[in-house]
Amino acid sequence: MSAAALYSSVEQTRARAFPPSLVFVTLLMASIPLENVTVLPQIGSISRLLGLLAVGAVLMDGVVALGFRRLHIAHLPLALFVLWSAWTWFWSINPELTSERMSTNLQLLILVWLTWQSVRNLAQLRLVLQGFVLGSCCAAILTMINSRGLTAVDAIRYSGAGADPNELSLTMVLSLPMAYYLCATAHTPYSRLFWLIPIPVCIVGVILTVSRVGFLTTIVALICISVWHMTSSSRMRLVPVVAGVVLIVLGFAFTPKANLERLSTIGSEVSSGSIGKRAKLWTAGMIVFHQRPLTGTGAATFADAIEPLLGENLAAHNVYVSVLTETGIIGFLIFSLALITCFMTAMHLSPPERALWLIVMVTWCIGVISLTWEYKKVTWSVFGLLIASGALPAHSPRATLRMTADRLIRQ
């Protein structure tokens with residue numbers, strides 16, 4: 001057997017294997033929507049503990065059986081962004097905060113690597129997605145329980161996972177296309193029905209958070225899912241459209257009046273340009289950016305940078321403004337390259353996975369207009385899963401060429 005054929009055989013065997021570390025990675029993904037529910041002494045969130053266990057399991061699998069994969073080209077801009085963010089320590093207006101962000105970014109890069117090392121075929125991708133969707137579904141159920149017990153955030157808003165309602169809502173919205181993908185690619189009618197259940201649960205959860213960005217991104221996600229379904233060969237092409245309308249109406253029926261009044265302000269907020277009073281933060285950020293356009297003020301320093309202008313120490317509530325202000329035009333271009341690379345990777349996938357990740361990325365890009373999510377686990381989990389999907393045996397051009405060569409040799 002030639003060296004090329006041997007290499008191909010080893011790669012195919014590894015792709016079919018079920019690494020024990022995948023269990024820990026799946027549990028880690030399930031814990032991310034719930035990471036603030038349980039905080040452990042000396043460790044922190046439950047996701048941090050599972051992350052440590054996943055690192056150990058992945059290293060053991062890599063050494064003992066699976067080996068370590070060569071990185072994907074899409075990993076490069078993510079690594080460069082982590083490096084540039086760390087480099088901003090040298091001119092940061094608050095080196096202590098930048099040092100903390102350096103540690104966070106490194107952990108997020110490791111999270112991307114864990115996904116890359118563990119997810120090697122479509123079955124494994126489905127398993128990890130199932131973990132994230134079930135975690136989001138549990139967070140939505142906890143939100144419903146809190147709403148019945150009147151445990152509200154800001155008087156009328158509910159969050160059942162100990163997280164900020166806006167952040168939790170976008171997390172649940174991102175799980176909608178994942179749940180639909182699991183339903184669309186399921187092999188039995190019962191499993192298809194099972195993976196439809198998280199969709200109404202998460203939609204009701206989003207409405208109970210009374211997050212305006214969550215509500216808008218829910219509409220975007222449902223429209224994209226409907227287009228995806230209508231372009232399929234299914235005879236029930238209008239089901240997502242009708243079901244989406246019914247679910248939103250039902251969600252409103254169970255939503256308190258005060259919550260509905262807040263959601264009704266979406267139009268006036270957008271037309272006035274205030275958008276939840278975030279516009280002043282973005283304006284202040286752009287003023288600071290013009291003072292340091294090339295290098296920025298240093299990673300994690302947005303709040304300190306705008307405090308002299310507004311008299312308040314507040315986050316940017318916008319990924320693009322935050323990255324631009326803190327890391328300058330260089331960091332912004334690197335981060336933009338990472339997003340472009342993710343979109344390009346998604347475009348080369350098979351139709352179901354391409355639709356899934358394009359919807360997730362479009363939803364994310366819209367949702368983070370009002371959230372500071374460049375250092376959040378959800379963001380980097382999405383990046384990591386998308387990149388891992390781009391190198392699965394069914395999608396990799398290199399793997400396709402190897403399999404074609406093997407068939408020609410055998411003939």
# chains A, B, ... in the order shown; residues from 1 in each chain; ligands from 1
>>> residues_around(residues="range 117-121 of chain A", least_positions_apart="5", cutoff="7 Å", atoms="only C-alpha atoms", output="ChimeraX atom specification")
/A:15-16,19,21-22,68-69,388,392-393
>>> select_by_dssp(residues="range 58-257 of chain A", states="alpha helix (DSSP H)", output="PyMOL selection string")
chain A and resi 58-61+75-87+95-118+122-148+165-184+189-196+198-209+212-230+239-253+257
>>> write_last_selection(atoms="C-alpha atoms", output="short mmCIF file (atom, residue, chain, number, x, y, z; two decimals), in the first residue's frame")
data_model
loop_
_atom_site.label_atom_id
_atom_site.label_comp_id
_atom_site.auth_asym_id
_atom_site.auth_seq_id
_atom_site.Cartn_x
_atom_site.Cartn_y
_atom_site.Cartn_z
CA VAL A 58 -8.94 15.68 24.02
CA LEU A 59 -5.21 15.61 24.76
CA MET A 60 -5.46 11.98 25.89
CA ASP A 61 -7.42 11.01 22.77
CA HIS A 75 -8.21 29.28 12.38
CA LEU A 76 -5.52 31.75 11.31
CA PRO A 77 -7.47 35.04 11.62
CA LEU A 78 -8.90 33.92 14.98
CA ALA A 79 -5.39 33.23 16.27
CA LEU A 80 -4.15 36.55 14.85
CA PHE A 81 -6.98 38.41 16.60
CA VAL A 82 -6.02 36.79 19.91
CA LEU A 83 -2.37 37.74 19.35
CA TRP A 84 -3.16 41.33 18.37
CA SER A 85 -5.51 41.75 21.33
CA ALA A 86 -2.69 40.55 23.59
CA TRP A 87 -0.23 42.93 21.88
CA PRO A 95 -3.15 46.88 31.37
CA GLU A 96 -4.82 44.86 34.14
CA LEU A 97 -8.09 44.55 32.21
CA THR A 98 -6.20 43.76 29.02
CA SER A 99 -4.27 41.00 30.82
CA GLU A 100 -7.57 39.45 31.93
CA ARG A 101 -8.87 39.60 28.37
CA MET A 102 -5.68 37.93 27.14
CA SER A 103 -6.42 34.97 29.40
CA THR A 104 -10.06 34.87 28.28
CA ASN A 105 -9.16 35.00 24.58
CA LEU A 106 -6.64 32.20 24.97
CA GLN A 107 -9.29 30.00 26.62
CA LEU A 108 -11.70 30.80 23.77
CA LEU A 109 -9.09 29.83 21.19
CA ILE A 110 -8.62 26.54 23.06
CA LEU A 111 -12.40 26.05 22.90
CA VAL A 112 -12.25 26.38 19.10
CA TRP A 113 -9.40 23.84 19.02
CA LEU A 114 -11.33 21.39 21.22
CA THR A 115 -14.20 21.44 18.75
CA TRP A 116 -11.82 21.06 15.82
CA GLN A 117 -10.05 18.11 17.39
CA SER A 118 -13.24 16.29 18.43
CA LEU A 122 -21.46 14.58 10.58
CA ALA A 123 -22.67 12.27 13.35
CA GLN A 124 -20.27 13.93 15.79
CA LEU A 125 -21.33 17.38 14.59
CA ARG A 126 -24.96 16.47 15.24
CA LEU A 127 -24.11 15.27 18.74
CA VAL A 128 -22.37 18.52 19.70
CA LEU A 129 -25.20 20.58 18.20
CA GLN A 130 -27.68 18.52 20.19
CA GLY A 131 -25.83 19.47 23.36
CA PHE A 132 -26.02 23.20 22.57
CA VAL A 133 -29.70 23.03 21.62
CA LEU A 134 -30.68 21.08 24.74
CA GLY A 135 -28.73 23.54 26.89
CA SER A 136 -30.60 26.45 25.29
CA CYS A 137 -33.89 24.61 25.75
CA CYS A 138 -33.18 24.11 29.45
CA ALA A 139 -32.37 27.83 29.78
CA ALA A 140 -35.70 28.66 28.12
CA ILE A 141 -37.58 26.33 30.48
CA LEU A 142 -35.91 27.94 33.50
CA THR A 143 -36.95 31.33 32.13
CA MET A 144 -40.57 30.13 31.93
CA ILE A 145 -40.40 28.86 35.50
CA ASN A 146 -39.06 32.21 36.69
CA SER A 147 -41.81 34.05 34.82
CA ARG A 148 -44.46 32.04 36.65
CA PRO A 165 -31.65 38.70 29.27
CA ASN A 166 -30.31 40.12 25.99
CA GLU A 167 -27.42 37.67 25.86
CA LEU A 168 -29.60 34.72 26.81
CA SER A 169 -32.17 35.63 24.18
CA LEU A 170 -29.62 35.68 21.35
CA THR A 171 -28.20 32.36 22.56
CA MET A 172 -31.67 30.82 22.32
CA VAL A 173 -32.22 32.38 18.88
CA LEU A 174 -28.98 30.85 17.59
CA SER A 175 -30.26 27.44 18.68
CA LEU A 176 -33.34 27.75 16.42
CA PRO A 177 -31.57 26.98 13.10
CA MET A 178 -29.55 24.29 14.88
CA ALA A 179 -32.74 22.61 16.11
CA TYR A 180 -34.28 22.82 12.66
CA TYR A 181 -31.13 21.33 11.10
CA LEU A 182 -31.29 18.42 13.56
CA CYS A 183 -34.94 17.94 12.64
CA ALA A 184 -34.35 18.17 8.89
CA PRO A 189 -40.14 10.55 12.29
CA TYR A 190 -39.86 10.43 16.09
CA SER A 191 -36.46 12.09 16.13
CA ARG A 192 -37.71 14.74 13.70
CA LEU A 193 -40.60 15.49 16.04
CA PHE A 194 -38.28 15.56 19.05
CA TRP A 195 -35.95 18.16 17.54
CA LEU A 196 -38.90 20.39 16.62
CA PRO A 198 -36.90 23.14 21.21
CA ILE A 199 -38.08 25.66 18.60
CA PRO A 200 -41.35 26.74 20.32
CA VAL A 201 -39.72 26.42 23.74
CA CYS A 202 -36.88 28.78 22.82
CA ILE A 203 -39.21 31.23 21.05
CA VAL A 204 -41.35 31.57 24.19
CA GLY A 205 -38.16 31.93 26.21
CA VAL A 206 -36.97 34.77 23.97
CA ILE A 207 -40.27 36.61 24.32
CA LEU A 208 -40.14 36.29 28.13
CA THR A 209 -36.68 37.91 28.21
CA ARG A 212 -35.86 43.67 21.59
CA VAL A 213 -32.77 42.41 19.80
CA GLY A 214 -33.82 38.86 20.66
CA PHE A 215 -37.27 39.43 19.19
CA LEU A 216 -35.89 40.96 15.97
CA THR A 217 -33.31 38.21 15.47
CA THR A 218 -36.02 35.60 16.11
CA ILE A 219 -37.98 37.07 13.20
CA VAL A 220 -34.83 37.01 11.04
CA ALA A 221 -34.05 33.41 11.98
CA LEU A 222 -37.62 32.23 11.30
CA ILE A 223 -37.68 33.96 7.91
CA CYS A 224 -34.34 32.36 6.97
CA ILE A 225 -35.52 28.94 8.16
CA SER A 226 -38.71 29.36 6.13
CA VAL A 227 -36.72 30.21 2.99
CA TRP A 228 -34.49 27.20 3.66
CA HIS A 229 -37.53 24.93 4.02
CA MET A 230 -39.32 26.37 0.98
CA VAL A 239 -45.09 24.83 7.62
CA PRO A 240 -42.26 26.95 9.15
CA VAL A 241 -43.98 30.18 8.09
CA VAL A 242 -47.34 29.21 9.60
CA ALA A 243 -45.77 27.60 12.66
CA GLY A 244 -43.55 30.63 13.28
CA VAL A 245 -46.54 33.00 13.25
CA VAL A 246 -48.54 30.71 15.55
CA LEU A 247 -45.63 30.36 17.99
CA ILE A 248 -45.06 34.10 18.21
CA VAL A 249 -48.79 34.71 18.78
CA LEU A 250 -48.85 32.07 21.51
CA GLY A 251 -45.75 33.57 23.06
CA PHE A 252 -47.40 36.98 23.20
CA ALA A 253 -50.54 35.43 24.69
CA LYS A 257 -48.74 43.34 29.50
#
>>> residues_around(residues="range 34-37 of chain A", least_positions_apart="6", cutoff="6 Å", atoms="only C-alpha atoms", output="list in words")
Ser45, Ile46, Ser47, Ala161 and Gly162 of chain A
>>> write_last_selection(atoms="C-alpha atoms", output="PDB file, in the first residue's frame")
ATOM      1  CA  SER A  45     -18.881  28.518  36.093  1.00  0.00           C
ATOM      2  CA  ILE A  46     -19.699  24.885  35.379  1.00  0.00           C
ATOM      3  CA  SER A  47     -18.589  25.404  31.772  1.00  0.00           C
ATOM      4  CA  ALA A 161     -30.033  30.924  33.479  1.00  0.00           C
ATOM      5  CA  GLY A 162     -28.565  33.738  35.568  1.00  0.00           C
TER       6      GLY A 162
END
>>> select_by_dssp(residues="range 39-240 of chain A", states="strand (DSSP E or B)", output="NGL selection string")
:A and (39-40 or 44-45 or 153 or 157)
>>> closest_residue(among="A:Val323, A:Leu371, A:Val362, A:Val55", to="Thr297 in chain A", atoms="only C-alpha atoms")
A:Val323
>>> closest_residue(among="A:Ala186, A:Ala279, A:Ala316, A:Val25", to="Gly56 in chain A", atoms="only C-alpha atoms")
A:Val25
